[in-house]
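Dropping my_file05.txt in here (compact mmCIF, C-alpha atoms and all ligand atoms):
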# COMPACT_ATOMS: atom_id res chain seq x y z
CA MET A 1 11.66 8.51 -20.90
CA ARG A 2 11.40 8.74 -17.12
CA LYS A 3 8.38 6.96 -15.61
CA LEU A 4 6.14 8.46 -12.97
CA GLY A 5 3.54 6.96 -10.64
CA ILE A 6 0.40 8.72 -9.47
CA TYR A 7 -1.32 7.94 -6.18
CA VAL A 8 -4.84 9.22 -5.48
CA GLN A 9 -6.01 9.10 -1.90
CA VAL A 10 -9.73 8.51 -1.21
CA PRO A 11 -10.03 8.80 2.58
CA PHE A 12 -13.61 7.58 2.99
CA CYS A 13 -14.91 4.32 4.46
CA GLN A 14 -18.30 2.87 5.39
CA THR A 15 -17.24 2.09 8.97
CA LYS A 16 -14.03 2.31 10.93
CA CYS A 17 -12.35 -1.09 11.37
CA THR A 18 -11.10 -1.61 14.92
CA TYR A 19 -7.46 -2.13 13.87
CA CYS A 20 -7.31 0.74 11.38
CA ASN A 21 -4.68 3.41 12.00
CA PHE A 22 -5.20 5.30 8.73
CA HIS A 23 -6.58 8.83 8.48
CA THR A 24 -9.93 7.84 7.04
CA GLY A 25 -13.43 8.93 7.88
CA VAL A 26 -17.04 7.83 7.58
CA VAL A 27 -18.77 10.72 5.85
CA SER A 28 -21.99 11.45 3.96
CA THR A 29 -21.84 10.38 0.31
CA ALA A 30 -22.72 14.01 -0.52
CA ARG A 31 -19.07 14.80 0.20
CA PHE A 32 -17.69 12.47 -2.48
CA ALA A 33 -18.37 14.74 -5.49
CA PRO A 34 -16.73 17.92 -4.06
CA TYR A 35 -13.76 15.79 -2.99
CA ALA A 36 -13.35 14.27 -6.46
CA GLU A 37 -13.63 17.76 -8.01
CA ALA A 38 -10.91 19.06 -5.68
CA VAL A 39 -8.62 16.16 -6.60
CA CYS A 40 -9.23 16.85 -10.32
CA ARG A 41 -8.31 20.50 -9.77
CA GLU A 42 -5.17 19.54 -7.85
CA ILE A 43 -4.15 17.25 -10.72
CA ARG A 44 -4.87 19.81 -13.45
CA GLU A 45 -3.11 22.67 -11.63
CA TYR A 46 -0.36 20.72 -9.89
CA LYS A 47 2.50 22.79 -11.34
CA ALA A 48 0.98 26.09 -10.18
CA PHE A 49 0.12 24.61 -6.77
CA TYR A 50 3.67 23.32 -6.29
CA THR A 51 5.19 26.67 -7.25
CA VAL A 52 3.10 28.48 -4.64
CA THR A 53 3.83 25.81 -2.01
CA GLY A 54 7.58 25.85 -2.57
CA VAL A 55 7.88 22.31 -3.95
CA THR A 56 10.42 22.08 -6.78
CA LEU A 57 9.98 19.35 -9.35
CA PRO A 58 13.23 18.25 -11.01
CA GLU A 59 13.46 19.03 -14.72
CA SER A 60 13.76 15.33 -15.42
CA LEU A 61 10.09 14.96 -14.45
CA ASP A 62 8.94 17.59 -16.97
CA ASP A 63 8.32 15.08 -19.71
CA ALA A 64 7.93 12.00 -17.48
CA GLU A 65 5.34 9.47 -18.56
CA VAL A 66 2.77 8.23 -16.06
CA ASP A 67 2.63 4.44 -16.27
CA THR A 68 0.96 3.56 -12.97
CA VAL A 69 -2.02 4.99 -11.10
CA TYR A 70 -3.12 3.75 -7.69
CA PHE A 71 -6.46 4.70 -6.08
CA GLY A 72 -5.91 3.93 -2.39
CA GLY A 73 -7.68 4.70 0.79
CA GLY A 74 -9.91 4.42 2.54
CA THR A 75 -12.25 2.62 0.25
CA PRO A 76 -12.03 4.15 -3.25
CA SER A 77 -14.50 1.57 -4.59
CA LEU A 78 -17.22 3.48 -2.68
CA LEU A 79 -16.97 6.35 -5.17
CA ASP A 80 -19.27 6.51 -8.17
CA THR A 81 -17.36 5.41 -11.24
CA VAL A 82 -17.97 8.83 -12.77
CA HIS A 83 -15.68 10.28 -10.06
CA LEU A 84 -12.93 7.75 -10.73
CA GLN A 85 -13.34 8.38 -14.45
CA SER A 86 -13.05 12.15 -14.01
CA MET A 87 -9.83 11.77 -11.98
CA LEU A 88 -8.36 9.48 -14.64
CA ASP A 89 -9.41 11.98 -17.33
CA ALA A 90 -7.63 14.74 -15.39
CA ILE A 91 -4.48 12.59 -15.24
CA ARG A 92 -4.62 11.84 -18.97
CA GLU A 93 -5.11 15.54 -19.79
CA SER A 94 -2.31 16.75 -17.51
CA PHE A 95 0.46 14.19 -18.08
CA ALA A 96 1.94 12.08 -20.83
CA THR A 97 0.47 8.66 -20.06
CA ASP A 98 0.95 5.08 -21.04
CA LEU A 99 -1.03 3.40 -18.28
CA ALA A 100 0.29 -0.11 -17.75
CA GLU A 101 -1.23 -0.56 -14.29
CA VAL A 102 -4.26 1.23 -12.84
CA THR A 103 -5.14 -0.15 -9.41
CA LEU A 104 -8.30 0.37 -7.40
CA GLU A 105 -8.45 -0.66 -3.76
CA ALA A 106 -11.84 -2.24 -3.15
CA ASP A 107 -13.75 -3.88 -0.35
CA PRO A 108 -15.68 -7.04 -1.29
CA GLU A 109 -19.10 -5.73 -0.22
CA THR A 110 -18.81 -2.74 -2.57
CA ILE A 111 -18.43 -4.83 -5.74
CA GLU A 112 -21.37 -4.74 -8.15
CA ARG A 113 -21.59 -6.05 -11.69
CA GLU A 114 -22.28 -2.71 -13.40
CA LYS A 115 -19.70 -0.89 -11.34
CA ALA A 116 -17.01 -3.44 -12.17
CA ALA A 117 -17.77 -3.20 -15.91
CA ALA A 118 -17.57 0.60 -15.70
CA TRP A 119 -14.22 0.39 -13.87
CA VAL A 120 -12.80 -1.66 -16.74
CA ARG A 121 -14.18 0.80 -19.29
CA ALA A 122 -12.52 3.65 -17.33
CA GLY A 123 -9.15 1.88 -17.64
CA ILE A 124 -8.84 0.19 -14.23
CA ASN A 125 -7.03 -3.11 -14.78
CA ARG A 126 -6.05 -4.17 -11.26
CA VAL A 127 -8.16 -4.52 -8.11
CA SER A 128 -6.56 -4.73 -4.69
CA PHE A 129 -9.03 -6.42 -2.42
CA GLY A 130 -9.09 -5.74 1.32
CA LEU A 131 -10.43 -9.14 2.31
CA GLN A 132 -8.20 -9.61 5.42
CA SER A 133 -9.61 -13.04 6.43
CA PHE A 134 -12.02 -15.75 5.31
CA SER A 135 -13.31 -16.23 8.87
CA ASP A 136 -16.58 -14.43 9.67
CA LYS A 137 -15.73 -14.52 13.37
CA GLU A 138 -12.50 -12.59 12.71
CA LEU A 139 -14.18 -10.20 10.26
CA VAL A 140 -16.96 -9.38 12.75
CA ALA A 141 -14.48 -8.81 15.59
CA ALA A 142 -12.35 -6.53 13.37
CA GLY A 143 -15.39 -4.40 12.49
CA ARG A 144 -15.22 -5.24 8.79
CA MET A 145 -18.35 -4.72 6.67
CA HIS A 146 -17.90 -7.78 4.48
CA ARG A 147 -18.27 -11.48 5.23
CA ARG A 148 -16.70 -14.54 3.67
CA ALA A 149 -19.69 -14.95 1.31
CA ASP A 150 -19.07 -11.44 -0.11
CA ILE A 151 -15.60 -12.51 -1.24
CA TYR A 152 -17.05 -15.46 -3.18
CA ARG A 153 -19.72 -13.19 -4.70
CA ALA A 154 -17.25 -10.44 -5.66
CA VAL A 155 -14.36 -12.33 -7.26
CA PRO A 156 -16.39 -13.85 -10.16
CA ILE A 157 -17.94 -10.43 -10.83
CA LEU A 158 -14.47 -8.93 -11.24
CA ARG A 159 -13.28 -11.81 -13.40
CA GLU A 160 -16.36 -11.59 -15.65
CA ALA A 161 -15.82 -7.83 -15.96
CA GLY A 162 -12.34 -8.56 -17.33
CA ILE A 163 -10.07 -7.83 -14.36
CA ARG A 164 -7.06 -10.10 -14.93
CA ASN A 165 -4.97 -8.82 -12.04
CA ILE A 166 -6.44 -9.19 -8.55
CA SER A 167 -4.56 -8.73 -5.30
CA PHE A 168 -5.79 -10.01 -1.93
CA ASP A 169 -4.77 -8.52 1.42
CA LEU A 170 -4.67 -10.76 4.49
CA ILE A 171 -3.92 -9.68 8.05
CA ALA A 172 -2.04 -12.02 10.38
CA GLY A 173 -2.96 -11.33 13.99
CA LEU A 174 -6.66 -10.43 13.91
CA PRO A 175 -8.59 -11.15 17.12
CA HIS A 176 -9.76 -14.79 17.34
CA GLN A 177 -7.29 -15.90 14.65
CA THR A 178 -5.91 -19.37 15.33
CA LYS A 179 -3.47 -21.56 13.48
CA GLU A 180 -6.45 -23.49 12.08
CA SER A 181 -8.43 -20.43 10.95
CA TRP A 182 -5.28 -18.91 9.40
CA ARG A 183 -4.61 -22.16 7.54
CA GLN A 184 -8.24 -22.07 6.33
CA SER A 185 -7.81 -18.48 5.05
CA LEU A 186 -4.59 -19.41 3.24
CA ASP A 187 -6.25 -22.47 1.66
CA GLU A 188 -9.31 -20.54 0.52
CA LEU A 189 -7.14 -17.74 -0.84
CA GLY A 190 -5.06 -20.27 -2.78
CA ALA A 191 -8.20 -21.80 -4.30
CA LEU A 192 -9.37 -18.42 -5.60
CA ALA A 193 -5.95 -17.94 -7.26
CA PRO A 194 -5.42 -14.16 -7.12
CA GLU A 195 -2.41 -12.94 -9.10
CA HIS A 196 -0.98 -11.06 -6.12
CA VAL A 197 -1.13 -11.37 -2.33
CA SER A 198 -0.17 -9.00 0.50
CA VAL A 199 0.14 -10.31 4.06
CA TYR A 200 0.37 -7.72 6.81
CA LEU A 201 0.99 -8.29 10.49
CA LEU A 202 -1.51 -6.58 12.78
CA GLU A 203 -0.05 -3.25 13.87
CA ILE A 204 -0.50 -2.46 17.53
CA ASP A 205 -0.21 1.27 18.10
CA GLU A 206 -2.08 4.24 19.48
CA GLY A 207 -3.52 5.01 16.06
CA SER A 208 -6.31 2.40 16.18
CA ARG A 209 -9.05 1.64 18.70
CA LEU A 210 -7.84 -1.95 19.06
CA GLY A 211 -4.19 -0.92 19.36
CA LYS A 212 -4.99 1.64 22.05
CA GLU A 213 -7.05 -0.91 23.95
CA LEU A 214 -4.25 -3.45 23.82
CA LEU A 215 -1.65 -0.93 24.96
CA GLN A 216 -3.89 0.02 27.89
CA GLY A 217 -4.48 -3.61 28.79
CA GLY A 218 -8.24 -3.41 28.15
CA GLY A 219 -10.55 -6.03 26.69
CA ARG A 220 -12.77 -4.11 24.29
CA TYR A 221 -12.71 -4.92 20.53
CA SER A 222 -11.79 -8.53 21.40
CA ALA A 223 -8.37 -7.30 22.48
CA GLY A 224 -8.05 -10.36 24.73
CA ALA A 225 -8.29 -12.62 21.67
CA VAL A 226 -5.40 -11.08 19.71
CA PRO A 227 -2.71 -13.70 18.94
CA THR A 228 0.70 -13.31 20.54
CA GLU A 229 3.67 -11.92 18.63
CA ASP A 230 5.11 -15.42 18.35
CA GLU A 231 1.85 -16.69 16.89
CA MET A 232 1.79 -13.83 14.38
CA ALA A 233 5.35 -14.69 13.34
CA GLU A 234 4.26 -18.31 12.91
CA PHE A 235 1.28 -17.22 10.78
CA TYR A 236 3.64 -15.19 8.60
CA GLU A 237 5.89 -18.21 8.14
CA MET A 238 2.87 -20.37 7.29
CA ALA A 239 1.97 -17.81 4.60
CA GLN A 240 5.53 -17.85 3.26
CA GLU A 241 5.38 -21.60 2.91
CA ALA A 242 1.85 -21.85 1.48
CA LEU A 243 2.30 -19.03 -1.03
CA GLY A 244 5.70 -20.34 -2.12
CA ALA A 245 4.17 -23.77 -2.68
CA GLY A 246 1.32 -22.11 -4.63
CA GLY A 247 3.72 -20.62 -7.18
CA TYR A 248 3.89 -17.12 -5.76
CA HIS A 249 7.16 -15.21 -5.92
CA HIS A 250 7.97 -13.52 -2.59
CA TYR A 251 9.36 -10.20 -3.80
CA GLU A 252 8.85 -7.85 -0.85
CA ILE A 253 8.50 -8.52 2.87
CA SER A 254 4.69 -8.30 2.74
CA ASN A 255 4.09 -9.10 -0.93
CA TRP A 256 3.89 -12.15 -3.18
CA ALA A 257 3.04 -12.35 -6.88
CA LYS A 258 2.56 -14.83 -9.66
CA PRO A 259 5.43 -14.26 -12.15
CA GLY A 260 5.01 -10.91 -13.88
CA PHE A 261 2.30 -9.66 -11.50
CA GLU A 262 4.52 -7.78 -9.02
CA SER A 263 2.90 -4.41 -8.29
CA LYS A 264 4.51 -1.96 -10.71
CA HIS A 265 3.26 0.99 -8.69
CA ASN A 266 4.35 -0.20 -5.26
CA LEU A 267 7.78 -1.18 -6.60
CA LYS A 268 8.33 2.54 -7.21
CA TYR A 269 8.09 3.16 -3.46
CA TRP A 270 10.71 0.57 -2.59
CA ARG A 271 12.97 1.56 -5.49
CA ARG A 272 12.71 5.25 -4.59
CA GLU A 273 11.29 6.19 -7.97
CA ALA A 274 9.18 9.32 -8.40
CA TYR A 275 5.46 9.45 -7.68
CA LEU A 276 3.00 12.27 -7.15
CA GLY A 277 0.19 11.92 -4.63
CA PHE A 278 -3.11 13.77 -4.97
CA GLY A 279 -5.86 14.13 -2.39
CA ALA A 280 -6.03 14.58 1.39
CA GLY A 281 -3.05 13.03 3.16
CA ALA A 282 -1.41 11.91 -0.10
CA HIS A 283 2.39 11.66 -0.07
CA SER A 284 4.72 12.52 -2.98
CA PHE A 285 8.37 11.91 -3.80
CA SER A 286 10.27 13.71 -6.55
CA GLY A 287 13.62 11.97 -6.08
CA THR A 288 14.97 14.77 -3.91
CA GLU A 289 11.97 16.00 -1.90
CA ARG A 290 9.11 14.36 -0.03
CA TRP A 291 5.92 16.20 0.79
CA ALA A 292 2.42 15.39 1.99
CA ASN A 293 -0.99 17.05 1.86
CA ALA A 294 -2.97 17.71 5.03
CA HIS A 295 -5.03 14.72 6.18
CA ASP A 296 -8.32 16.42 6.89
CA ALA A 297 -10.52 15.88 3.82
CA ALA A 298 -12.81 18.87 4.45
CA ALA A 299 -9.82 21.19 5.01
CA TYR A 300 -8.23 19.81 1.84
CA VAL A 301 -11.34 20.51 -0.26
CA ASN A 302 -11.69 24.04 1.17
CA ALA A 303 -8.04 24.83 0.51
CA VAL A 304 -8.08 23.56 -3.08
CA GLN A 305 -11.35 25.38 -3.79
CA GLY A 306 -9.61 28.52 -2.53
CA GLY A 307 -6.68 27.97 -4.90
CA ARG A 308 -4.27 26.75 -2.24
CA LEU A 309 -2.61 23.36 -1.79
CA PRO A 310 -2.64 22.32 1.88
CA VAL A 311 0.85 20.79 1.94
CA GLU A 312 1.76 19.99 5.55
CA GLN A 313 5.33 18.80 5.32
CA VAL A 314 7.99 19.37 2.71
CA GLU A 315 11.27 17.60 3.36
CA THR A 316 14.37 18.00 1.23
CA LEU A 317 16.26 14.79 1.81
CA THR A 318 19.73 15.02 3.26
CA VAL A 319 22.40 12.59 2.05
CA GLU A 320 22.04 10.70 5.36
CA SER A 321 18.27 10.32 5.12
CA ALA A 322 18.47 9.30 1.44
CA LEU A 323 21.03 6.64 2.42
CA GLU A 324 18.78 5.35 5.22
CA GLU A 325 15.91 5.10 2.76
CA GLU A 326 18.10 3.18 0.30
CA LEU A 327 18.86 0.62 3.00
CA PHE A 328 15.46 0.44 4.65
CA LEU A 329 13.36 0.40 1.46
CA GLY A 330 15.88 -1.60 -0.55
CA LEU A 331 16.09 -4.41 1.98
CA ARG A 332 12.32 -4.77 2.03
CA GLN A 333 12.74 -6.29 -1.43
CA LEU A 334 13.83 -9.89 -1.28
CA ASP A 335 16.31 -9.40 -4.13
CA GLY A 336 18.25 -7.26 -1.68
CA ILE A 337 20.52 -4.28 -2.31
CA ASP A 338 23.74 -3.80 -4.21
CA VAL A 339 25.99 -2.52 -1.43
CA SER A 340 28.85 -1.56 -3.81
CA ARG A 341 26.51 0.66 -5.79
CA ILE A 342 25.22 2.36 -2.63
CA GLU A 343 28.75 2.80 -1.22
CA ARG A 344 29.80 4.39 -4.52
CA ASP A 345 26.75 6.68 -4.79
CA TYR A 346 26.93 7.88 -1.19
CA GLY A 347 30.69 7.75 -0.55
CA VAL A 348 30.29 5.54 2.52
CA ALA A 349 31.59 2.19 3.77
CA LEU A 350 28.81 -0.11 4.97
CA ALA A 351 30.72 -3.21 6.07
CA ALA A 352 30.61 -2.21 9.75
CA ARG A 353 26.82 -2.04 9.58
CA PHE A 354 26.33 -5.39 7.86
CA ASP A 355 29.06 -7.54 9.40
CA PRO A 356 27.30 -8.07 12.77
CA LEU A 357 23.95 -8.72 11.05
CA ALA A 358 25.54 -11.27 8.72
CA ALA A 359 27.33 -12.94 11.66
CA ALA A 360 24.00 -13.19 13.52
CA GLY A 361 22.33 -14.74 10.46
CA PHE A 362 19.91 -11.85 9.85
CA VAL A 363 21.23 -11.02 6.38
CA GLU A 364 22.85 -13.04 3.62
CA ARG A 365 25.63 -11.84 1.33
CA GLU A 366 26.28 -12.89 -2.23
CA GLY A 367 29.02 -10.85 -3.88
CA SER A 368 28.07 -7.24 -3.28
CA VAL A 369 24.38 -8.06 -2.83
CA VAL A 370 22.96 -8.13 0.69
CA ARG A 371 19.47 -9.45 1.40
CA LEU A 372 17.41 -10.31 4.45
CA ALA A 373 17.72 -13.99 5.34
CA PRO A 374 14.41 -15.65 4.28
CA ALA A 375 14.11 -17.41 7.66
CA ARG A 376 14.35 -14.10 9.53
CA LEU A 377 11.79 -12.07 7.57
CA SER A 378 9.21 -12.29 10.34
CA VAL A 379 11.61 -10.32 12.57
CA SER A 380 12.69 -7.83 9.90
CA ASN A 381 11.81 -4.85 12.12
CA GLU A 382 14.54 -5.90 14.57
CA VAL A 383 17.01 -6.02 11.69
CA PHE A 384 16.06 -2.52 10.59
CA VAL A 385 16.43 -1.16 14.12
CA GLU A 386 19.94 -2.66 14.31
CA LEU A 387 20.85 -1.36 10.88
CA MET A 388 19.80 2.23 11.61
CA ARG A 389 21.70 2.46 14.92
S1 LIG B 1 -11.67 -0.30 5.20
FE1 LIG B 1 -9.42 -0.05 5.37
S2 LIG B 1 -9.06 2.16 5.48
FE2 LIG B 1 -11.26 1.81 5.90
S3 LIG B 1 -11.43 1.70 8.13
FE3 LIG B 1 -11.18 -0.41 7.40
S4 LIG B 1 -8.95 -0.78 7.42
FE4 LIG B 1 -9.26 1.44 7.59

Would you kindly transcribe this structure into structure tokens?
Ligand code: SF4
Amino acid sequence: MRKLGIYVQVPFCQTKCTYCNFHTGVVSTARFAPYAEAVCREIREYKAFYTVTGVTLPESLDDAEVDTVYFGGGTPSLLDTVHLQSMLDAIRESFATDLAEVTLEADPETIEREKAAAWVRAGINRVSFGLQSFSDKELVAAGRMHRRADIYRAVPILREAGIRNISFDLIAGLPHQTKESWRQSLDELGALAPEHVSVYLLEIDEGSRLGKELLQGGGRYSAGAVPTEDEMAEFYEMAQEALGAGGYHHYEISNWAKPGFESKHNLKYWRREAYLGFGAGAHSFSGTERWANAHDAAAYVNAVQGGRLPVEQVETLTVESALEEELFLGLRQLDGIDVSRIERDYGVALAARFDPLAAAGFVEREGSVVRLAPARLSVSNEVFVELMR
């Protein structure tokens, strides 16, 4: 039976972090219930909504079984558990389910004993923790709500509640981060022994207040204290080394896991497997089409209440774009891609694309498998730019 992932977007936060380039908002808690109700309606009526919107689901998804659910954001842990429960109920009523992995993104300051117990009762079995750093100086500068002490308060609560699969996010490149403070964060993370770790490099773009400030050469949001690109690359390499030594398997550019704890849901993205996204700004992929809901949460709720799905973009993938995805997403996984299989499926020859990259030491070849060279992962973006030329 074909497997299907479900992503639920919760676009609400308590504050806006300076580096954040997501479409999230700080809104009154009174808006949580209508939002959750709209998401439940979208889930229950998804087939009718898709028909009206012009999205065609392949027949192979008709009897697909949902095995992963991911509540992302935003900060989904802000919602009352009753809202999370109602969305999970809607999923169970609307799809065949055998839920192996149900992830909730959570911020440390939102964790409470009763809430955590209720999450487990609702079926949540994985918590992805946006902790970003163990340094209060970095957390304050980044505009985060939590402090180092909140992490140490929250983790035992989750463990006592029965969460056996915890993921920590760290960001390399926060303002005021130094080699010493990064080492400290890696050491403290290792001591808390999460099952999964994601390490992201700070993104500098127009989408965040800090990114904009940096691009304009200003000094607000501690922009002057952001590490250089070379330092960020060094931090990434320090993480590679520390996590490898700690028994974590590096399976995707930004992700490490203890054996067997690779994110089942996120693997679907990189393997181009089907997932349906519900909520404002949520993206979906059927295998042949990609589409996304409008980002504005209020507009989303109004549209769904009016019986309309506010889909903004529907893209039917061309052979060329599907091939680019195969390469780009496939190479993010450290196991690499089977070039013979891709050449066969797409009727193309890829040697001309990979030969120069192999000669320059950016990729390694083993039989028909091509993978990014482990020593060049911190410059993977350059490899992708070359590959897509
Ligand atoms: S908590 Fe996450 S989603 Fe919310 S503002 Fe901060 S970085 Fe953005």

Within 12 Å of ligand LIG 1 (chain B), counting only C-alpha atoms and all ligand atoms: which residues, as JSON, numbers by chain? {"A": [9, 10, 11, 12, 13, 14, 15, 16, 17, 18, 19, 20, 21, 22, 23, 24, 25, 26, 27, 72, 73, 74, 75, 76, 77, 78, 105, 106, 107, 108, 109, 110, 128, 129, 130, 131, 132, 139, 140, 142, 143, 144, 145, 146, 169, 170, 171, 174, 200, 202, 203, 207, 208, 209, 210]}

Find the residue from A:Glu42, A:Glu324, A:Glu315, A:Glu364 that sits nearest to Ala280 (chain A); use all atoms listed in the file when measuring. A:Glu42

Local residues around (-0.5, 7.6, -11.6), at most 9 Å away, using all atoms listed in the file, as a list in words: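 Within the cut-off we find Leu4, Gly5, Ile6, Tyr7, Val8, Val66, Asp67, Thr68, Val69, Tyr70, Phe71, Leu88, Ile91, Thr97, Leu99, Glu101, Val102, His265, Tyr275, Leu276 and Gly277 of chain A.
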
With only C-alpha atoms counted, which protein, DNA or RNA residues have an atom no more than 12 Å from (12.8, 13.3, -6.5) in the file frame? Please answer as a compact mmCIF listing (two decimals) with C-alpha atoms, in the coordinates of the input.
# COMPACT_ATOMS: atom_id res chain seq x y z
CA ARG A 2 11.40 8.74 -17.12
CA LYS A 3 8.38 6.96 -15.61
CA LEU A 4 6.14 8.46 -12.97
CA GLY A 5 3.54 6.96 -10.64
CA VAL A 55 7.88 22.31 -3.95
CA THR A 56 10.42 22.08 -6.78
CA LEU A 57 9.98 19.35 -9.35
CA PRO A 58 13.23 18.25 -11.01
CA GLU A 59 13.46 19.03 -14.72
CA SER A 60 13.76 15.33 -15.42
CA LEU A 61 10.09 14.96 -14.45
CA ASP A 62 8.94 17.59 -16.97
CA LYS A 268 8.33 2.54 -7.21
CA TYR A 269 8.09 3.16 -3.46
CA ARG A 271 12.97 1.56 -5.49
CA ARG A 272 12.71 5.25 -4.59
CA GLU A 273 11.29 6.19 -7.97
CA ALA A 274 9.18 9.32 -8.40
CA TYR A 275 5.46 9.45 -7.68
CA LEU A 276 3.00 12.27 -7.15
CA SER A 284 4.72 12.52 -2.98
CA PHE A 285 8.37 11.91 -3.80
CA SER A 286 10.27 13.71 -6.55
CA GLY A 287 13.62 11.97 -6.08
CA THR A 288 14.97 14.77 -3.91
CA GLU A 289 11.97 16.00 -1.90
CA ARG A 290 9.11 14.36 -0.03
CA TRP A 291 5.92 16.20 0.79
CA GLU A 315 11.27 17.60 3.36
CA THR A 316 14.37 18.00 1.23
CA LEU A 317 16.26 14.79 1.81
CA ALA A 322 18.47 9.30 1.44

Contacts of Val348 (chain A) at 10 Å (all atoms listed in the file; same-chain gap of 6+ positions) as a list in words: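 Counting all atoms listed in the file, the residues come to Leu323, Val339, Ser340 and Ile342 of chain A.
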
Please report the interatomic distance between CA of Ala117 (chain A) and CA of Tyr152 (chain A) in Å with one decimal.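 Atom-to-atom, CA of Ala117 (chain A) to CA of Tyr152 (chain A), that is 17.7 Å.
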
Distance of CA of Ala358 (chain A) from CA of Leu331 (chain A), expressed in Å to one decimal place: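 Between CA of Leu331 (chain A) and CA of Ala358 (chain A) the gap works out to 13.5 Å.
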
Using all atoms listed in the file, find the one residue out of A:Pro374, A:Gly173, A:Gly330, A:Pro356 that sits nearest to Val226 (chain A).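 Looking at the shortest contact to Val226 (chain A), the residue is A:Gly173.
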
Considering only C-alpha atoms, can you say which of A:Leu387, A:Leu334, A:Ile163, A:Leu329 comes closest to Asp355 (chain A)?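 Smallest distance to Asp355 (chain A) is found for A:Leu387.
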
Residue with smallest distance to Ser254 (chain A) - pool A:Val197, A:Ala351, A:Cys40, A:Ala118, counting all atoms listed in the file: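 For Ser254 (chain A), the nearest of the candidates is A:Val197.
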
Report as a count of residues only all protein, DNA and RNA residues lying within 10 Å of Gln333 (chain A), evaluated on only C-alpha atoms, omitting residues in the same chain fewer than 2 positions from it. 18

What gap, in Å, lies between CA of Leu243 (chain A) and CA of Glu262 (chain A)? 14.0 Å

Pick the closest to Phe261 (chain A) from A:Gly246, A:Gly347, A:Pro194, A:Pro34: which is it, counting all atoms listed in the file?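 Looking only at the distances to Phe261 (chain A), the closest residue turns out to be A:Pro194.
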
Quick one: residues within 7 Å of Arg148 (chain A), only C-alpha atoms, excluding same-chain residues fewer than 3 positions away - as an mmCIF file with C-alpha atoms, keeping the file's coordinate frame?
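So the final result, stored in selection_37.cif, reads:
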data_model
loop_
_atom_site.group_PDB
_atom_site.id
_atom_site.type_symbol
_atom_site.label_atom_id
_atom_site.label_comp_id
_atom_site.auth_asym_id
_atom_site.auth_seq_id
_atom_site.Cartn_x
_atom_site.Cartn_y
_atom_site.Cartn_z
ATOM 1 C CA PHE A 134 -12.020 -15.750 5.310
ATOM 2 C CA SER A 135 -13.310 -16.230 8.870
ATOM 3 C CA ASP A 136 -16.580 -14.430 9.670
ATOM 4 C CA ILE A 151 -15.600 -12.510 -1.240
ATOM 5 C CA TYR A 152 -17.050 -15.460 -3.180
#

Which residue, A:Ala191, A:Ala122, A:Ala223, A:Ala297, has the smallest gap to Ala141 (chain A) when you use all atoms listed in the file?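 Among the listed residues, the smallest separation from Ala141 (chain A) belongs to A:Ala223.
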
Could you pull the residues within 12 Å of Gly190 (chain A), counting all atoms listed in the file, minus those fewer than 6 positions along the same chain, as a list of chain:residue names?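 Here the answer would be A:Phe134, A:Ser167, A:Phe168, A:Leu170, A:Arg183, A:Gln184, A:His196, A:Val197, A:Ala239, A:Glu241, A:Ala242, A:Leu243, A:Gly244, A:Ala245, A:Gly246, A:Gly247, A:Tyr248, A:Lys258.
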